[in-house]
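Working notes for the structure below.
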Amino acid sequence: MGIKGRRAALPAAPLALALLVATGCDGAGGARPEPSAGPASAVARVCARPAAGPATAPAGAVSVDPAVAGDLAAKTRTSPPGTTFWLRPGTHRLLPDRFAQVVPKRGNRYLGAPGAVLDGHRTNQYAFGGTARDVTIRHLTVQGFVAPHDEGVVNHDSADGWVIEHATIQNNSGAGLMAGARQRVRASCLRGNGQYGMNAYKRAGGLRGLVVEGNEIVGNNKDDWERRRPGCGCTGGVKFWAVDGADVRGNWVHDNRGAGLWADTNNNDFRIEGNLLEANDGAALIYETSYNAVVRENTIRRNNWVEGRRYAERGDTFPFATVYVSESGGEPRIPARTKKIEIHGNTLEDNWSGITLWENADRFCNSPANTSSGECTLLVKDTGRCVRPGIASAPLYADCRWKTQRVDIHDNRFVLDKSAVGCAEGCDRMAVLANYGTYPDWSPYQGERVAEAITGEQHNRWHDNVYVGPWTFVAHDPSRVLDSGQWQAMPYRQDEGSTFGSREGG
């Protein structure tokens with residue numbers, strides 16, 4: 001799985017919270033943006049000033065003693081479902097076994113007093129696991145756990161209905177947090193974790209109704225997994241896998257190594273709104289092999305400086321963008337709150353390039369070039385049907401591939417000052433394109449078929465936007481670089497009703 005597919009196929013609602021600057025992890029392999037002097041919109045500021053938990057135990061709560069190693073896990077085992085646990089101030093430990101963990105029962109609540117920390121001391125892999133539903137964790141710092149690659153520390157087994165609020169999950173290996181259906185993650189600090197802040201992945205049973213609201217997600221992928229496993233597509237602030245219905249709003253996602261938010265493989269029905277996405281090494285947002293989303297009223301600035309520059313310095317002409325829509329589009333046959341991907345009302349300022357709509361002609365069900373190994377589109381239940389000769393004709397010709405279609409980009413403001421970004425060329429692109437199909441030899445999508453479709457036939461449209469700065473445009477394939485007049489003229493006819501200002505910044 002992952003965005004490595006773009007490389008293999010190339011031919012050569014705001015919360016009323018104030019903001020404070022947080023220090024992200026240092027990047028590698030290129031210049032990083034400096035942390036901001038202060039965001040322009042009111043989104044989450046929680047890492048520097050976490051909300052304090054109850055100073056005394058609530059009525060009926062079981063008190064947990066930090067001086068007794070394993071006290072929290074032991075009292076959880078001996079207490080009935082629905083128990084409230086109050087962790088006293090201090091550093092709490094589990095037993096010194098890598099598999100020692102807290103296994104909640106249904107409806108348990110874990111409340112941290114001011115200064116309560118659950119620390120894995122680089123020994124324990126998991127903090128909270130098991131399959132119990134409707135568990136709540138509030139006002140607790142969880143740190144120092146060493147979950148393996150692709151696994152998580154809190155809600156390790158992706159149980160359903162968990163609520164994580166006013167928590168700090170930091171400095172762990174793997175993912176700080178996993179996700180289950182109907183999970184709510186609110187007003188929490190996901191900081192400095194080795195792989196992801198949160199890995200929204202559930203192996204079985206489906207992951208529906210996820211809310212990620214008012215969190216600060218900063219400095220994750222500290223272990224730089226994309227360098228350790230090149231092309232893994234396994235990094236970023238938050239990764240979403242096959243989530244059906246997600247509201248991601250009012251978060252401050254910044255200074256993560258890799259992408260800020262990344263939805264990868266058969267996600268559907270996302271609303272990404274009112275977030276501040278800034279100073280991430282890679283794209284602010286990747287929406288890949290997924291469906292039906294609204295991206296609105298976000299402030300997106302100074303992203304992709306590290307990864308965009310890295311590829312440009314290698315001479316790569318691909319328009320690596322800050323909002324990257326890859327084999328994703330609107331699909332009315334899949335139930336959602338929208339029937340398209342609508343990107344509107346956003347401000348994008350001084351990022352490395354803007355929005356790229358991309359479709360890999362060689363990536364489809366059963367193709368060896370499908371990096372979402374073994375996965376097929378949501379329109380084909382039996383992957384084995386996507387073979388010749390059937391795949392060459394309707395309906396499988398359309399349904400066996402993820403398509404970038406029905407993407408509506410309007411009423412956004414795109415501002416670029418190249419001197420602020422520190423680039424001479426290559427950071428000024430807006431694009432809709434595909435590669436020349438070549439692989440495998442039985443593919444019905446060879447040649448320019450997909451490039452023609454994404455550019456002129458699949459209802460992808462820019463309109464009524466405002467451009468400030470020296471923007472250029474790419475259509476059909478990386479070699480077709482256009483000015484605004486060519487972009488608006490036949491045959492592309494993009495950005496009707498948009499305005500263009502050539503001055504830098506503003």
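Every chain in the structure tokens has a letter given in the order shown (A, B, ...), and although residue numbers restart at 1 in each chain, ligands are simply numbered from 1 in the order shown.
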Could you give me, as a list in words, the residues within 8 Å of stretch 110-119 of chain A, counting only C-alpha atoms and dropping anything in the same chain fewer than 6 positions from it?
-> Ala52, Gly53, Pro54, Ala55, Thr56, Thr84, Phe85, Trp86, Leu87, Arg88, Pro89, Gly90, Thr91, His92, Arg93, Leu94, Ala127, Thr136, Ile137, Arg138, His139, Leu140, Thr141, Val142, Gln143, Gly144 and Phe145 of chain A
Selection to disk with N, CA and C atoms, as a CSV table (one decimal), in the first residue's frame:
```csv
chain,number,residue,atom,x,y,z
A,52,ALA,N,-6.2,20.2,32.5
A,52,ALA,CA,-5.9,19.4,33.7
A,52,ALA,C,-7.0,18.5,34.0
A,53,GLY,N,-6.7,17.3,34.5
A,53,GLY,CA,-7.7,16.3,34.9
A,53,GLY,C,-8.1,16.6,36.4
A,54,PRO,N,-9.0,15.8,36.9
A,54,PRO,CA,-9.5,16.0,38.2
A,54,PRO,C,-8.5,15.8,39.3
A,55,ALA,N,-8.4,16.8,40.2
A,55,ALA,CA,-7.4,16.7,41.3
A,55,ALA,C,-7.7,15.7,42.4
A,56,THR,N,-8.9,15.3,42.5
A,56,THR,CA,-9.3,14.3,43.4
A,56,THR,C,-10.1,13.3,42.7
A,84,THR,N,-14.6,3.3,36.8
A,84,THR,CA,-13.8,4.5,36.6
A,84,THR,C,-12.5,4.4,37.4
A,85,PHE,N,-11.4,4.6,36.8
A,85,PHE,CA,-10.1,4.5,37.5
A,85,PHE,C,-9.5,5.9,37.5
A,86,TRP,N,-9.0,6.4,38.6
A,86,TRP,CA,-8.4,7.7,38.7
A,86,TRP,C,-6.9,7.4,39.0
A,87,LEU,N,-6.0,7.9,38.1
A,87,LEU,CA,-4.6,7.7,38.2
A,87,LEU,C,-4.0,8.9,39.0
A,88,ARG,N,-3.5,8.6,40.1
A,88,ARG,CA,-2.9,9.7,41.0
A,88,ARG,C,-1.8,10.4,40.2
A,89,PRO,N,-1.4,11.6,40.7
A,89,PRO,CA,-0.2,12.3,40.1
A,89,PRO,C,1.0,11.4,40.3
A,90,GLY,N,1.9,11.5,39.2
A,90,GLY,CA,3.1,10.7,39.3
A,90,GLY,C,3.2,9.8,38.0
A,91,THR,N,4.3,9.1,38.0
A,91,THR,CA,4.6,8.3,36.8
A,91,THR,C,4.3,6.8,37.2
A,92,HIS,N,3.3,6.3,36.4
A,92,HIS,CA,2.8,4.9,36.6
A,92,HIS,C,3.5,4.0,35.7
A,93,ARG,N,3.8,2.8,36.2
A,93,ARG,CA,4.5,1.8,35.4
A,93,ARG,C,3.7,0.5,35.3
A,94,LEU,N,3.9,-0.2,34.2
A,94,LEU,CA,3.4,-1.6,34.1
A,94,LEU,C,4.5,-2.5,34.6
A,127,ALA,N,0.2,0.1,25.8
A,127,ALA,CA,-0.4,0.6,27.0
A,127,ALA,C,-1.8,0.1,27.3
A,136,THR,N,-13.0,4.9,27.8
A,136,THR,CA,-12.7,6.3,27.7
A,136,THR,C,-11.4,6.5,28.4
A,137,ILE,N,-10.5,7.3,27.8
A,137,ILE,CA,-9.2,7.8,28.4
A,137,ILE,C,-9.2,9.3,28.3
A,138,ARG,N,-9.0,9.9,29.5
A,138,ARG,CA,-9.0,11.3,29.6
A,138,ARG,C,-7.9,11.8,30.5
A,139,HIS,N,-7.3,12.9,30.1
A,139,HIS,CA,-6.3,13.7,31.0
A,139,HIS,C,-5.1,12.8,31.4
A,140,LEU,N,-4.7,12.0,30.5
A,140,LEU,CA,-3.6,11.1,30.8
A,140,LEU,C,-2.5,11.2,29.8
A,141,THR,N,-1.2,11.2,30.2
A,141,THR,CA,-0.1,11.2,29.3
A,141,THR,C,0.4,9.8,29.2
A,142,VAL,N,0.6,9.3,28.0
A,142,VAL,CA,1.0,8.0,27.7
A,142,VAL,C,2.3,8.1,26.8
A,143,GLN,N,3.4,7.6,27.3
A,143,GLN,CA,4.7,7.8,26.7
A,143,GLN,C,5.7,6.7,26.9
A,144,GLY,N,6.7,6.6,26.1
A,144,GLY,CA,7.8,5.7,26.3
A,144,GLY,C,7.5,4.2,26.0
A,145,PHE,N,6.4,3.9,25.2
A,145,PHE,CA,6.1,2.6,24.8
A,145,PHE,C,6.8,2.3,23.4
```
Using only C-alpha atoms, what table do you get, as a tab-separated table, when you list each residue of stretch 325-440 of chain A with an atom no more than 12 Å from stretch 232-246 of chain A, its nearest pair of atoms, and their distance in Å rounded to one decimal, rows by chain then rising number?
```
residue	atom	partner	partner_atom	distance
A:Ile334	CA	A:Asp244	CA	10.1
A:Pro335	CA	A:Asp244	CA	9.5
A:Ala336	CA	A:Gly245	CA	7.6
A:Arg337	CA	A:Gly245	CA	8.8
A:Thr338	CA	A:Gly245	CA	11.0
A:Thr371	CA	A:Gly233	CA	9.4
A:Ser372	CA	A:Gly233	CA	10.2
A:Glu375	CA	A:Ala242	CA	10.5
A:Cys376	CA	A:Ala242	CA	11.5
A:Thr377	CA	A:Ala242	CA	10.8
A:Leu378	CA	A:Ala242	CA	9.9
```
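Ranking A:Lys75, A:Arg133, A:His166, A:Lys381 by their shortest atom-to-atom distance to A:Arg49, with only C-alpha atoms included, puts A:His166 first.
Note that the spacing between atom CA of A:Thr472 and atom CA of A:Arg310 amounts to 19.6 Å.
You can rank A:Pro332, A:Gly469, A:Gly258, A:Pro389 by their closest distance to A:Arg227 using only C-alpha atoms, and at the top of that list sits A:Gly258.
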Members of stretch 370-456 of chain A assigned strand (DSSP E or B) by DSSP, as a ChimeraX atom specification | /A:407-410,413-415,429-434,437,447
Dump as a JSON list (two decimals), in the first residue's frame, selection limited to N, CA and C atoms:
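Result file is selection13.json:
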```
[["chain", "number", "residue", "atom", "x", "y", "z"],
["A", 407, "VAL", "N", -13.86, 15.64, -9.35],
["A", 407, "VAL", "CA", -13.16, 16.47, -8.38],
["A", 407, "VAL", "C", -13.46, 17.94, -8.71],
["A", 408, "ASP", "N", -14.02, 18.65, -7.76],
["A", 408, "ASP", "CA", -14.48, 20.03, -7.95],
["A", 408, "ASP", "C", -13.65, 20.95, -7.04],
["A", 409, "ILE", "N", -12.80, 21.78, -7.66],
["A", 409, "ILE", "CA", -11.86, 22.63, -6.92],
["A", 409, "ILE", "C", -12.26, 24.07, -7.16],
["A", 410, "HIS", "N", -12.81, 24.73, -6.14],
["A", 410, "HIS", "CA", -13.36, 26.07, -6.38],
["A", 410, "HIS", "C", -13.29, 26.94, -5.13],
["A", 413, "ARG", "N", -8.03, 30.08, -2.35],
["A", 413, "ARG", "CA", -7.03, 31.12, -2.56],
["A", 413, "ARG", "C", -5.66, 30.46, -2.55],
["A", 414, "PHE", "N", -4.92, 30.61, -3.66],
["A", 414, "PHE", "CA", -3.60, 30.01, -3.80],
["A", 414, "PHE", "C", -2.56, 31.13, -3.86],
["A", 415, "VAL", "N", -1.71, 31.18, -2.86],
["A", 415, "VAL", "CA", -0.69, 32.23, -2.76],
["A", 415, "VAL", "C", 0.68, 31.58, -2.79],
["A", 429, "ARG", "N", 3.33, 24.41, -9.22],
["A", 429, "ARG", "CA", 2.49, 23.62, -10.11],
["A", 429, "ARG", "C", 1.09, 23.36, -9.56],
["A", 430, "MET", "N", 0.13, 23.37, -10.47],
["A", 430, "MET", "CA", -1.21, 22.86, -10.29],
["A", 430, "MET", "C", -1.39, 21.85, -11.41],
["A", 431, "ALA", "N", -1.92, 20.65, -11.15],
["A", 431, "ALA", "CA", -1.81, 19.62, -12.17],
["A", 431, "ALA", "C", -2.97, 18.65, -12.20],
["A", 432, "VAL", "N", -3.25, 18.15, -13.42],
["A", 432, "VAL", "CA", -4.15, 17.01, -13.62],
["A", 432, "VAL", "C", -3.51, 16.15, -14.71],
["A", 433, "LEU", "N", -3.15, 14.92, -14.36],
["A", 433, "LEU", "CA", -2.33, 14.14, -15.29],
["A", 433, "LEU", "C", -2.34, 12.66, -14.96],
["A", 434, "ALA", "N", -1.81, 11.87, -15.90],
["A", 434, "ALA", "CA", -1.60, 10.44, -15.72],
["A", 434, "ALA", "C", -0.34, 10.06, -16.48],
["A", 437, "GLY", "N", 0.20, 4.34, -20.10],
["A", 437, "GLY", "CA", 0.00, 2.97, -19.63],
["A", 437, "GLY", "C", 0.84, 1.97, -20.39],
["A", 447, "GLY", "N", -1.29, 2.93, -23.19],
["A", 447, "GLY", "CA", -1.25, 4.14, -23.99],
["A", 447, "GLY", "C", -1.74, 5.35, -23.23]]
```
Show which residues sit within 12 Å of A:Arg249, as a ChimeraX atom specification. Count only C-alpha atoms, and ignore same-chain residues fewer than 5 positions away.
-> /A:13-16,42-44,184-187,210-216,261,270-277,294-299
Name the residues of stretch 65-306 of chain A that fall into helix (DSSP H, G or I) according to DSSP on the backbone, using the chain letters and numbers of this document, as a compact mmCIF listing (two decimals) with C-alpha atoms, in the first residue's frame.
```
# COMPACT_ATOMS: atom_id res chain seq x y z
CA ASP A 71 -1.28 -1.37 39.82
CA LEU A 72 -3.40 -0.08 36.93
CA ALA A 73 -3.42 -3.38 35.04
CA ALA A 74 -4.07 -5.40 38.20
CA LYS A 75 -6.98 -3.26 39.38
CA THR A 76 -8.46 -3.34 35.86
CA ARG A 77 -8.42 -7.17 35.99
CA THR A 78 -10.16 -7.35 39.36
CA TRP A 225 10.29 5.12 8.27
CA GLU A 226 10.25 6.22 4.65
CA ARG A 227 14.04 6.35 4.74
CA ARG A 228 14.31 3.05 6.56
CA TRP A 305 9.24 21.91 1.38
CA VAL A 306 11.44 18.93 2.23
```
Polymer residues at most 8 Å from A:Cys386, only C-alpha atoms, same-chain spacing of 3 or more positions, as a PyMOL selection string | chain A and resi 365-366+383+390-391+396+400
